[in-house]
file upload_38.pdb (PDB, C-alpha atoms)
ATOM      1  CA  MET A   1       4.071   0.609 -25.744
ATOM      2  CA  SER A   2       7.530   1.577 -26.915
ATOM      3  CA  SER A   3      10.648   0.246 -25.228
ATOM      4  CA  GLY A   4      11.606   3.782 -24.187
ATOM      5  CA  GLU A   5       8.529   4.508 -22.097
ATOM      6  CA  LEU A   6       9.230   4.637 -18.367
ATOM      7  CA  THR A   7       5.540   4.418 -17.493
ATOM      8  CA  THR A   8       2.384   3.628 -19.427
ATOM      9  CA  TYR A   9      -1.259   4.679 -19.147
ATOM     10  CA  GLU A  10      -3.971   2.311 -20.312
ATOM     11  CA  GLN A  11      -7.725   2.772 -19.931
ATOM     12  CA  GLY A  12     -10.299   0.022 -20.308
ATOM     13  CA  GLU A  13     -13.933   0.305 -21.323
ATOM     14  CA  ASP A  14     -14.997  -0.198 -17.697
ATOM     15  CA  GLY A  15     -13.333   3.038 -16.626
ATOM     16  CA  VAL A  16     -10.335   1.325 -15.008
ATOM     17  CA  VAL A  17      -6.990   2.943 -15.764
ATOM     18  CA  VAL A  18      -3.758   1.013 -15.279
ATOM     19  CA  VAL A  19      -0.533   2.973 -14.823
ATOM     20  CA  ARG A  20       2.428   0.621 -15.206
ATOM     21  CA  LEU A  21       6.010   1.281 -14.189
ATOM     22  CA  ASN A  22       8.303   0.148 -16.977
ATOM     23  CA  ARG A  23      11.989  -0.034 -16.039
ATOM     24  CA  PRO A  24      12.388  -3.803 -15.682
ATOM     25  CA  ALA A  25      16.182  -3.707 -15.892
ATOM     26  CA  THR A  26      16.210  -1.786 -12.582
ATOM     27  CA  ARG A  27      13.185  -3.522 -11.052
ATOM     28  CA  ASN A  28      11.320  -0.273 -11.679
ATOM     29  CA  ALA A  29      13.600   1.895  -9.556
ATOM     30  CA  ILE A  30      11.948   5.302  -9.650
ATOM     31  CA  ASN A  31      13.880   8.215 -11.125
ATOM     32  CA  THR A  32      12.911  11.845 -11.637
ATOM     33  CA  PRO A  33      11.340  11.424 -15.115
ATOM     34  CA  MET A  34       9.179   8.578 -13.772
ATOM     35  CA  LEU A  35       7.920  10.771 -10.934
ATOM     36  CA  GLU A  36       7.044  13.499 -13.427
ATOM     37  CA  GLN A  37       5.199  10.995 -15.599
ATOM     38  CA  ILE A  38       3.284   9.533 -12.654
ATOM     39  CA  LEU A  39       2.130  13.024 -11.655
ATOM     40  CA  ALA A  40       1.014  13.680 -15.242
ATOM     41  CA  HIS A  41      -0.930  10.393 -15.263
ATOM     42  CA  LEU A  42      -2.594  11.318 -11.964
ATOM     43  CA  ALA A  43      -3.647  14.684 -13.374
ATOM     44  CA  ARG A  44      -5.021  13.056 -16.521
ATOM     45  CA  ALA A  45      -7.016  10.461 -14.586
ATOM     46  CA  ARG A  46      -8.242  13.022 -12.072
ATOM     47  CA  GLU A  47      -9.624  15.305 -14.773
ATOM     48  CA  ASP A  48     -11.191  12.551 -16.922
ATOM     49  CA  GLU A  49     -14.752  11.910 -15.728
ATOM     50  CA  SER A  50     -14.812   8.528 -17.484
ATOM     51  CA  VAL A  51     -12.074   7.222 -15.157
ATOM     52  CA  ARG A  52     -13.547   5.381 -12.178
ATOM     53  CA  VAL A  53     -10.617   3.452 -10.679
ATOM     54  CA  LEU A  54      -6.847   3.895 -10.924
ATOM     55  CA  VAL A  55      -4.545   0.867 -10.700
ATOM     56  CA  PHE A  56      -0.774   1.012 -10.232
ATOM     57  CA  SER A  57       1.123  -1.952 -11.606
ATOM     58  CA  SER A  58       4.317  -2.777 -13.493
ATOM     59  CA  THR A  59       5.470  -4.539 -16.626
ATOM     60  CA  ASP A  60       7.678  -6.851 -14.567
ATOM     61  CA  GLU A  61       6.378  -9.556 -12.216
ATOM     62  CA  ARG A  62       9.616  -9.314 -10.224
ATOM     63  CA  ALA A  63       8.755  -5.896  -8.820
ATOM     64  CA  LEU A  64       6.242  -3.148  -8.496
ATOM     65  CA  SER A  65       9.277  -1.031  -7.620
ATOM     66  CA  ALA A  66      12.608  -1.513  -5.858
ATOM     67  CA  GLY A  67      12.321   2.079  -4.597
ATOM     68  CA  ALA A  68      14.054   5.323  -5.470
ATOM     69  CA  ASP A  69      16.715   5.079  -8.156
ATOM     70  CA  VAL A  70      19.770   5.847  -6.023
ATOM     71  CA  ARG A  71      22.018   5.548  -9.084
ATOM     72  CA  GLU A  72      20.427   8.605 -10.660
ATOM     73  CA  SER A  73      23.131  11.281 -10.866
ATOM     74  CA  LEU A  74      21.772  14.511  -9.418
ATOM     75  CA  GLU A  75      23.176  17.799  -8.196
ATOM     76  CA  ARG A  76      22.002  19.180  -4.860
ATOM     77  CA  GLU A  77      18.958  20.959  -6.291
ATOM     78  CA  GLY A  78      18.042  17.833  -8.221
ATOM     79  CA  GLN A  79      18.082  15.779  -5.016
ATOM     80  CA  ILE A  80      15.815  18.283  -3.305
ATOM     81  CA  ARG A  81      13.431  18.355  -6.255
ATOM     82  CA  LYS A  82      13.343  14.555  -6.421
ATOM     83  CA  MET A  83      12.289  14.323  -2.779
ATOM     84  CA  GLU A  84       9.660  16.995  -3.357
ATOM     85  CA  LEU A  85       8.342  15.031  -6.333
ATOM     86  CA  PHE A  86       8.180  11.821  -4.297
ATOM     87  CA  SER A  87       6.213  13.655  -1.614
ATOM     88  CA  ARG A  88       3.844  15.086  -4.229
ATOM     89  CA  VAL A  89       3.238  11.631  -5.691
ATOM     90  CA  TYR A  90       2.412  10.148  -2.289
ATOM     91  CA  ASP A  91       0.153  13.061  -1.363
ATOM     92  CA  GLU A  92      -1.678  13.059  -4.683
ATOM     93  CA  VAL A  93      -2.261   9.302  -4.582
ATOM     94  CA  VAL A  94      -3.554   9.526  -1.011
ATOM     95  CA  ALA A  95      -5.835  12.444  -1.895
ATOM     96  CA  PHE A  96      -6.980  11.007  -5.248
ATOM     97  CA  ALA A  97     -10.768  11.185  -5.129
ATOM     98  CA  LYS A  98     -11.336   7.962  -7.068
ATOM     99  CA  PRO A  99     -10.502   4.487  -5.710
ATOM    100  CA  THR A 100      -6.929   3.284  -6.187
ATOM    101  CA  VAL A 101      -5.463  -0.232  -6.250
ATOM    102  CA  ALA A 102      -1.804  -1.303  -6.077
ATOM    103  CA  VAL A 103      -0.583  -4.469  -7.779
ATOM    104  CA  CYS A 104       2.165  -5.667  -5.449
ATOM    105  CA  HIS A 105       4.432  -7.714  -7.685
ATOM    106  CA  GLY A 106       7.619  -9.074  -6.106
ATOM    107  CA  SER A 107       9.829  -6.329  -4.683
ATOM    108  CA  VAL A 108       7.788  -3.500  -3.186
ATOM    109  CA  VAL A 109      10.462  -1.486  -1.439
ATOM    110  CA  GLY A 110      11.023   2.084  -0.257
ATOM    111  CA  GLY A 111       9.318   4.443  -2.674
ATOM    112  CA  GLY A 112       7.511   1.493  -4.232
ATOM    113  CA  ALA A 113       6.146   0.458  -0.841
ATOM    114  CA  GLU A 114       5.108   4.047  -0.111
ATOM    115  CA  LEU A 115       3.262   4.216  -3.436
ATOM    116  CA  ALA A 116       1.489   0.953  -2.596
ATOM    117  CA  VAL A 117       0.382   2.013   0.892
ATOM    118  CA  ALA A 118      -0.817   5.357  -0.467
ATOM    119  CA  CYS A 119      -3.405   3.392  -2.474
ATOM    120  CA  ASP A 120      -6.755   2.274  -1.072
ATOM    121  CA  ILE A 121      -6.342  -1.456  -1.754
ATOM    122  CA  ARG A 122      -3.303  -3.674  -2.284
ATOM    123  CA  VAL A 123      -3.266  -7.109  -3.930
ATOM    124  CA  ALA A 124      -0.060  -9.075  -3.375
ATOM    125  CA  GLY A 125       1.601 -11.756  -5.399
ATOM    126  CA  SER A 126       2.974 -14.791  -3.570
ATOM    127  CA  ASN A 127       6.466 -13.509  -4.447
ATOM    128  CA  LEU A 128       5.985 -10.272  -2.480
ATOM    129  CA  GLY A 129       8.902  -8.802  -0.573
ATOM    130  CA  MET A 130       7.807  -5.532   1.047
ATOM    131  CA  ARG A 131      10.246  -3.313   2.914
ATOM    132  CA  PHE A 132      10.355   0.203   4.341
ATOM    133  CA  PRO A 133      14.119   0.894   4.567
ATOM    134  CA  GLY A 134      14.021   4.649   5.187
ATOM    135  CA  GLY A 135      15.045   4.450   8.823
ATOM    136  CA  ALA A 136      18.010   2.177   8.034
ATOM    137  CA  LEU A 137      19.092   4.636   5.325
ATOM    138  CA  GLY A 138      18.770   7.673   7.595
ATOM    139  CA  LEU A 139      15.549   9.050   6.132
ATOM    140  CA  PRO A 140      12.346   9.441   8.202
ATOM    141  CA  VAL A 141       9.826   8.046   5.736
ATOM    142  CA  GLY A 142       6.614   6.098   6.228
ATOM    143  CA  PRO A 143       4.759   6.854   9.473
ATOM    144  CA  ALA A 144       1.875   8.897   8.078
ATOM    145  CA  ARG A 145       0.381   6.250   5.847
ATOM    146  CA  LEU A 146       1.505   3.109   7.695
ATOM    147  CA  VAL A 147      -0.140   4.103  10.995
ATOM    148  CA  THR A 148      -3.489   4.456   9.238
ATOM    149  CA  LEU A 149      -3.062   1.170   7.411
ATOM    150  CA  CYS A 150      -1.826  -1.203  10.096
ATOM    151  CA  GLY A 151      -1.698   0.651  13.424
ATOM    152  CA  LEU A 152       1.035   2.240  15.514
ATOM    153  CA  GLY A 153       2.634  -0.940  16.838
ATOM    154  CA  THR A 154       2.979  -2.598  13.441
ATOM    155  CA  ALA A 155       4.195   0.651  11.870
ATOM    156  CA  LYS A 156       6.947   0.836  14.501
ATOM    157  CA  TYR A 157       7.867  -2.786  13.851
ATOM    158  CA  LEU A 158       8.179  -2.251  10.104
ATOM    159  CA  LEU A 159       9.922   1.114  10.209
ATOM    160  CA  LEU A 160      12.353   0.545  13.066
ATOM    161  CA  THR A 161      13.497  -2.891  11.915
ATOM    162  CA  ALA A 162      13.428  -2.096   8.176
ATOM    163  CA  ARG A 163      12.965  -5.822   7.623
ATOM    164  CA  THR A 164      11.424  -7.422   4.544
ATOM    165  CA  VAL A 165       8.055  -9.112   4.945
ATOM    166  CA  GLY A 166       6.645 -11.744   2.624
ATOM    167  CA  ALA A 167       3.140 -12.119   1.271
ATOM    168  CA  GLU A 168       1.533 -14.092   4.087
ATOM    169  CA  GLU A 169       3.053 -11.905   6.797
ATOM    170  CA  ALA A 170       1.964  -8.790   4.915
ATOM    171  CA  LEU A 171      -1.570 -10.186   4.822
ATOM    172  CA  ARG A 172      -1.495 -10.938   8.551
ATOM    173  CA  LEU A 173      -0.211  -7.456   9.360
ATOM    174  CA  GLY A 174      -2.907  -5.797   7.255
ATOM    175  CA  LEU A 175      -0.524  -4.420   4.641
ATOM    176  CA  VAL A 176      -2.342  -6.165   1.798
ATOM    177  CA  SER A 177      -5.947  -7.267   1.290
ATOM    178  CA  GLU A 178      -5.363 -10.448  -0.696
ATOM    179  CA  VAL A 179      -2.568 -12.774  -1.771
ATOM    180  CA  VAL A 180      -2.660 -14.670  -5.062
ATOM    181  CA  LYS A 181      -0.136 -16.507  -7.237
ATOM    182  CA  ALA A 182       2.570 -14.240  -8.612
ATOM    183  CA  ASP A 183       1.403 -14.575 -12.203
ATOM    184  CA  GLN A 184      -2.211 -13.774 -11.285
ATOM    185  CA  VAL A 185      -1.839 -10.661  -9.147
ATOM    186  CA  GLU A 186      -2.585  -8.038 -11.801
ATOM    187  CA  ALA A 187      -5.529 -10.029 -13.152
ATOM    188  CA  ARG A 188      -7.009 -10.270  -9.648
ATOM    189  CA  ALA A 189      -6.450  -6.572  -9.015
ATOM    190  CA  LEU A 190      -8.242  -5.732 -12.251
ATOM    191  CA  VAL A 191     -11.210  -7.882 -11.223
ATOM    192  CA  LEU A 192     -11.459  -5.946  -7.958
ATOM    193  CA  ALA A 193     -11.048  -2.652  -9.792
ATOM    194  CA  GLY A 194     -13.829  -3.622 -12.190
ATOM    195  CA  GLU A 195     -16.155  -4.445  -9.305
ATOM    196  CA  ILE A 196     -15.468  -1.066  -7.724
ATOM    197  CA  ALA A 197     -15.869   0.702 -11.069
ATOM    198  CA  SER A 198     -19.389  -0.748 -11.360
ATOM    199  CA  HIS A 199     -20.487   1.171  -8.251
ATOM    200  CA  PRO A 200     -21.794   4.764  -8.399
ATOM    201  CA  PRO A 201     -18.699   6.998  -8.668
ATOM    202  CA  GLU A 202     -20.235   9.721  -6.512
ATOM    203  CA  SER A 203     -20.741   7.184  -3.724
ATOM    204  CA  MET A 204     -17.142   5.958  -3.987
ATOM    205  CA  ALA A 205     -15.783   9.499  -3.859
ATOM    206  CA  ARG A 206     -17.974  10.404  -0.883
ATOM    207  CA  LEU A 207     -16.933   7.295   1.047
ATOM    208  CA  LYS A 208     -13.262   8.057   0.479
ATOM    209  CA  ARG A 209     -13.735  11.680   1.488
ATOM    210  CA  LEU A 210     -15.499  10.747   4.721
ATOM    211  CA  LEU A 211     -12.949   8.088   5.623
ATOM    212  CA  HIS A 212     -10.060  10.467   5.018
ATOM    213  CA  GLU A 213     -11.662  13.335   6.909
ATOM    214  CA  TRP A 214     -12.320  11.161   9.957
ATOM    215  CA  ASP A 215      -8.856   9.619   9.858
ATOM    216  CA  GLY A 216      -6.800  12.703   8.944
ATOM    217  CA  ILE A 217      -4.478  10.772   6.629
ATOM    218  CA  GLU A 218      -4.205  13.503   4.005
ATOM    219  CA  GLU A 219      -3.031  16.085   6.535
ATOM    220  CA  ARG A 220      -0.505  13.652   8.041
ATOM    221  CA  SER A 221       0.780  12.692   4.610
ATOM    222  CA  ARG A 222       1.343  16.337   3.681
ATOM    223  CA  ALA A 223       3.115  17.047   6.957
ATOM    224  CA  GLU A 224       5.405  14.056   6.479
ATOM    225  CA  GLY A 225       6.229  15.077   2.918
ATOM    226  CA  GLU A 226       7.064  18.617   3.962
ATOM    227  CA  GLY A 227       9.354  17.227   6.641
ATOM    228  CA  GLN A 228      11.120  14.920   4.202
ATOM    229  CA  ALA A 229      11.768  17.744   1.746
ATOM    230  CA  ALA A 230      13.095  19.945   4.561
ATOM    231  CA  PHE A 231      15.312  17.069   5.745
ATOM    232  CA  ILE A 232      17.024  16.914   2.335
ATOM    233  CA  ARG A 233      17.028  20.694   1.943
ATOM    234  CA  ASP A 234      18.896  21.042   5.250
ATOM    235  CA  GLY A 235      21.870  19.138   3.932
ATOM    236  CA  VAL A 236      21.180  15.412   4.179
ATOM    237  CA  VAL A 237      22.313  13.504   1.092
ATOM    238  CA  PHE A 238      19.594  11.466  -0.620
ATOM    239  CA  PRO A 239      20.123   7.926   0.735
ATOM    240  CA  GLY A 240      21.558   5.176  -1.388
ATOM    241  CA  SER A 241      22.970   1.675  -1.304
ATOM    242  CA  ASP A 242      25.721  -0.196  -3.111
ATOM    243  CA  ASP A 243      23.367  -2.396  -5.106
ATOM    244  CA  PRO A 244      19.754  -1.270  -4.913
ATOM    245  CA  TYR A 245      18.570  -3.641  -7.656
ATOM    246  CA  SER A 246      19.893  -6.902  -6.229
TER
END

call {"tool": "encode", "arguments": {"input": "upload_38.pdb", "output": "C-alpha cells"}}
result
Amino acid sequence: MSSGELTTYEQGEDGVVVVRLNRPATRNAINTPMLEQILAHLARAREDESVRVLVFSSTDERALSAGADVRESLEREGQIRKMELFSRVYDEVVAFAKPTVAVCHGSVVGGGAELAVACDIRVAGSNLGMRFPGGALGLPVGPARLVTLCGLGTAKYLLLTARTVGAEEALRLGLVSEVVKADQVEARALVLAGEIASHPPESMARLKRLLHEWDGIEERSRAEGEGQAAFIRDGVVFPGSDDPYS
C-alpha cells in the first residue's frame, strides 16, 4: 500500500475482501475520489466470483470514518455529484448480493455511519462513537436503513437528537452485533467474515435476497438517496462544520 492511496482492496485466500479507508490524518473523512474508489471496489468484488464476503474497515483504529469531508472545495455541480455518489455507495452496499461486514473503529459518523449501517453485520470496537448528525446539519439522511436495523422509535431517537452513542449503547440499541477491544475489532470481523465465507455462496445470496425483498430496504434506500440528491440540487449547500475532524 502506498501512502497516496485513499482506499485499499485486499483479498484473502478464503474469499474475504477487505476495503480499507486510508485518510488517517482526517479520520477517513470521505471525499469525492474516495467515493469513486469505493464504487470501483464494489464493482470489482461484485463481478469476481471468487469473492464471498466484503468487509469495510480502515487503516486507523481511531475511525472507520468521521463522515463526509466538508473541507473538500467543490463548486455547485461538484456538491451535487458528491451527494449522488454518496447515495450510490449506500445503495450499492445495501444491494450487494454477497454478505458485507463493517469494522466500526472509533468514530463512525455521518457518511461513515451510513456506510456501516448499509452493511449486513457490524462489529464495534470499545472506542466506538457512532453519530447520525444529518438532521442537526440540515440534511435528511438516515431513515431508510436505520428503521430496518433498529426500529422506528430508535431511529427517531438517533436522528432527531443527533447524539453520539458509545459501544455498549450501540449494542443495546441493535446498531452493532458485537463489541470487542478496540485493537481487536478488525480481527474479530475477519473471523466472522471467514465463517460466512465457508457457507455456500448461493445460499448466502438467496438469504439476503429474500430478507431484502420482504423488508423493502433496497427500495427505501433508493428513494432516500434520490431525495437527498434532489435536496442538494434544489439549492441547499452541502452541510459542514467548523472542525469535522476533532

call {"tool": "residues_around", "arguments": {"input": "upload_38.pdb", "residues": "range 221-228 of chain A", "least_positions_apart": "2", "cutoff": "12 Å", "atoms": "all atoms listed in the file", "output": "MDAnalysis selection string"}}
result
chainID A and resid 79:95 114:115 117:118 134 138:148 212 215:219 230:239

call {"tool": "residues_around", "arguments": {"input": "upload_38.pdb", "residues": "Met204 in chain A", "least_positions_apart": "5", "cutoff": "8 Å", "atoms": "all atoms listed in the file", "output": "PyMOL selection string"}}
result
chain A and resi 98-99+199

call {"tool": "resolve_selection", "arguments": {"input": "upload_38.pdb", "expression": "the PyMOL selection byres ((chain A and resi 18) around 8)", "output": "ChimeraX atom specification"}}
result
/A:8-11,16-17,19-20,54-57

call {"tool": "resolve_selection", "arguments": {"input": "upload_38.pdb", "expression": "the PyMOL selection byres ((chain A and resi 116) around 9)", "output": "ChimeraX atom specification"}}
result
/A:56,64,101-104,108,111-115,117-122

call {"tool": "residues_around", "arguments": {"input": "upload_38.pdb", "residues": "Glu72 in chain A", "least_positions_apart": "6", "cutoff": "10 Å", "atoms": "only C-alpha atoms", "output": "NGL selection string"}}
result
:A and (29-32 or 78-79 or 240)

call {"tool": "atom_distance", "arguments": {"input": "upload_38.pdb", "atom1": "CA of Ala45 in chain A", "atom2": "CA of Pro200 in chain A"}}
result
17.0 Å

call {"tool": "residues_around", "arguments": {"input": "upload_38.pdb", "residues": "Leu171 in chain A", "least_positions_apart": "6", "cutoff": "10 Å", "atoms": "all atoms listed in the file", "output": "JSON, numbers by chain"}}
result
{"A": [122, 123, 124, 165, 177, 178, 179]}

call {"tool": "decode", "arguments": {"input": "upload_38.pdb", "residues": "range 1-101 of chain A", "atoms": "C-alpha atoms", "output": "JSON list (two decimals), in the first residue's frame"}}
result
[["chain", "number", "residue", "atom", "x", "y", "z"],
["A", 1, "MET", "CA", 0.00, 0.00, 0.00],
["A", 2, "SER", "CA", 1.41, 3.37, -0.98],
["A", 3, "SER", "CA", 0.97, 6.42, 1.21],
["A", 4, "GLY", "CA", -1.07, 8.11, -1.53],
["A", 5, "GLU", "CA", -3.84, 5.54, -1.70],
["A", 6, "LEU", "CA", -7.15, 6.79, -0.30],
["A", 7, "THR", "CA", -8.60, 3.28, -0.15],
["A", 8, "THR", "CA", -7.18, -0.21, -0.50],
["A", 9, "TYR", "CA", -8.54, -3.54, -1.73],
["A", 10, "GLU", "CA", -7.16, -6.76, -0.29],
["A", 11, "GLN", "CA", -8.42, -10.28, -0.95],
["A", 12, "GLY", "CA", -7.60, -13.32, 1.16],
["A", 13, "GLU", "CA", -7.50, -16.96, 0.13],
["A", 14, "ASP", "CA", -10.83, -17.55, 1.88],
["A", 15, "GLY", "CA", -12.65, -15.22, -0.50],
["A", 16, "VAL", "CA", -12.90, -12.36, 2.01],
["A", 17, "VAL", "CA", -12.13, -8.93, 0.58],
["A", 18, "VAL", "CA", -11.23, -6.04, 2.87],
["A", 19, "VAL", "CA", -11.72, -2.50, 1.58],
["A", 20, "ARG", "CA", -9.93, -0.07, 3.90],
["A", 21, "LEU", "CA", -10.38, 3.68, 4.05],
["A", 22, "ASN", "CA", -6.97, 5.32, 4.25],
["A", 23, "ARG", "CA", -7.03, 9.01, 5.16],
["A", 24, "PRO", "CA", -5.91, 8.81, 8.79],
["A", 25, "ALA", "CA", -5.00, 12.49, 9.02],
["A", 26, "THR", "CA", -8.70, 13.33, 8.54],
["A", 27, "ARG", "CA", -10.07, 10.30, 10.41],
["A", 28, "ASN", "CA", -11.05, 8.95, 7.00],
["A", 29, "ALA", "CA", -13.31, 11.85, 6.07],
["A", 30, "ILE", "CA", -14.79, 10.81, 2.74],
["A", 31, "ASN", "CA", -14.11, 12.98, -0.30],
["A", 32, "THR", "CA", -15.15, 12.58, -3.93],
["A", 33, "PRO", "CA", -12.15, 10.48, -5.05],
["A", 34, "MET", "CA", -12.77, 8.08, -2.14],
["A", 35, "LEU", "CA", -16.40, 7.64, -3.18],
["A", 36, "GLU", "CA", -15.29, 6.89, -6.74],
["A", 37, "GLN", "CA", -12.77, 4.35, -5.48],
["A", 38, "ILE", "CA", -15.31, 2.66, -3.19],
["A", 39, "LEU", "CA", -17.71, 2.28, -6.13],
["A", 40, "ALA", "CA", -14.90, 0.78, -8.23],
["A", 41, "HIS", "CA", -14.08, -1.68, -5.43],
["A", 42, "LEU", "CA", -17.75, -2.66, -5.17],
["A", 43, "ALA", "CA", -17.90, -3.32, -8.91],
["A", 44, "ARG", "CA", -14.71, -5.39, -8.78],
["A", 45, "ALA", "CA", -15.93, -7.50, -5.86],
["A", 46, "ARG", "CA", -19.40, -7.89, -7.36],
["A", 47, "GLU", "CA", -18.04, -9.24, -10.64],
["A", 48, "ASP", "CA", -15.39, -11.55, -9.11],
["A", 49, "GLU", "CA", -16.96, -14.96, -8.43],
["A", 50, "SER", "CA", -14.15, -15.85, -6.01],
["A", 51, "VAL", "CA", -15.25, -13.07, -3.63],
["A", 52, "ARG", "CA", -17.59, -14.39, -0.95],
["A", 53, "VAL", "CA", -17.67, -11.64, 1.70],
["A", 54, "LEU", "CA", -16.86, -7.93, 1.59],
["A", 55, "VAL", "CA", -15.51, -6.17, 4.69],
["A", 56, "PHE", "CA", -15.24, -2.40, 5.13],
["A", 57, "SER", "CA", -12.53, -1.26, 7.51],
["A", 58, "SER", "CA", -9.88, 1.44, 7.87],
["A", 59, "THR", "CA", -6.16, 1.80, 8.39],
["A", 60, "ASP", "CA", -6.76, 3.86, 11.53],
["A", 61, "GLU", "CA", -8.18, 2.47, 14.79],
["A", 62, "ARG", "CA", -9.44, 5.96, 15.67],
["A", 63, "ALA", "CA", -12.12, 5.90, 12.99],
["A", 64, "LEU", "CA", -13.92, 3.97, 10.34],
["A", 65, "SER", "CA", -14.88, 7.42, 9.05],
["A", 66, "ALA", "CA", -15.64, 10.84, 10.52],
["A", 67, "GLY", "CA", -18.15, 11.36, 7.69],
["A", 68, "ALA", "CA", -18.18, 13.47, 4.56],
["A", 69, "ASP", "CA", -15.12, 15.64, 4.01],
["A", 70, "VAL", "CA", -16.73, 19.05, 4.45],
["A", 71, "ARG", "CA", -13.39, 20.75, 3.77],
["A", 72, "GLU", "CA", -13.37, 19.49, 0.20],
["A", 73, "SER", "CA", -13.62, 22.56, -2.05],
["A", 74, "LEU", "CA", -16.38, 22.00, -4.59],
["A", 75, "GLU", "CA", -18.40, 24.10, -6.99],
["A", 76, "ARG", "CA", -22.17, 23.68, -7.08],
["A", 77, "GLU", "CA", -22.12, 20.81, -9.58],
["A", 78, "GLY", "CA", -19.41, 19.10, -7.56],
["A", 79, "GLN", "CA", -21.58, 19.25, -4.43],
["A", 80, "ILE", "CA", -24.49, 17.72, -6.30],
["A", 81, "ARG", "CA", -22.31, 14.98, -7.76],
["A", 82, "LYS", "CA", -20.80, 14.22, -4.35],
["A", 83, "MET", "CA", -24.24, 13.68, -2.83],
["A", 84, "GLU", "CA", -25.21, 11.50, -5.78],
["A", 85, "LEU", "CA", -22.05, 9.44, -5.26],
["A", 86, "PHE", "CA", -22.77, 9.03, -1.55],
["A", 87, "SER", "CA", -26.27, 7.82, -2.40],
["A", 88, "ARG", "CA", -24.88, 5.38, -4.97],
["A", 89, "VAL", "CA", -22.42, 3.98, -2.43],
["A", 90, "TYR", "CA", -25.14, 3.42, 0.16],
["A", 91, "ASP", "CA", -27.49, 1.85, -2.38],
["A", 92, "GLU", "CA", -24.83, -0.42, -3.86],
["A", 93, "VAL", "CA", -23.68, -1.62, -0.43],
["A", 94, "VAL", "CA", -27.27, -2.32, 0.61],
["A", 95, "ALA", "CA", -27.97, -4.17, -2.64],
["A", 96, "PHE", "CA", -24.63, -6.02, -2.74],
["A", 97, "ALA", "CA", -25.56, -9.66, -3.25],
["A", 98, "LYS", "CA", -22.74, -11.05, -1.11],
["A", 99, "PRO", "CA", -22.55, -10.63, 2.69],
["A", 100, "THR", "CA", -20.97, -7.43, 3.98],
["A", 101, "VAL", "CA", -19.35, -6.61, 7.33]]
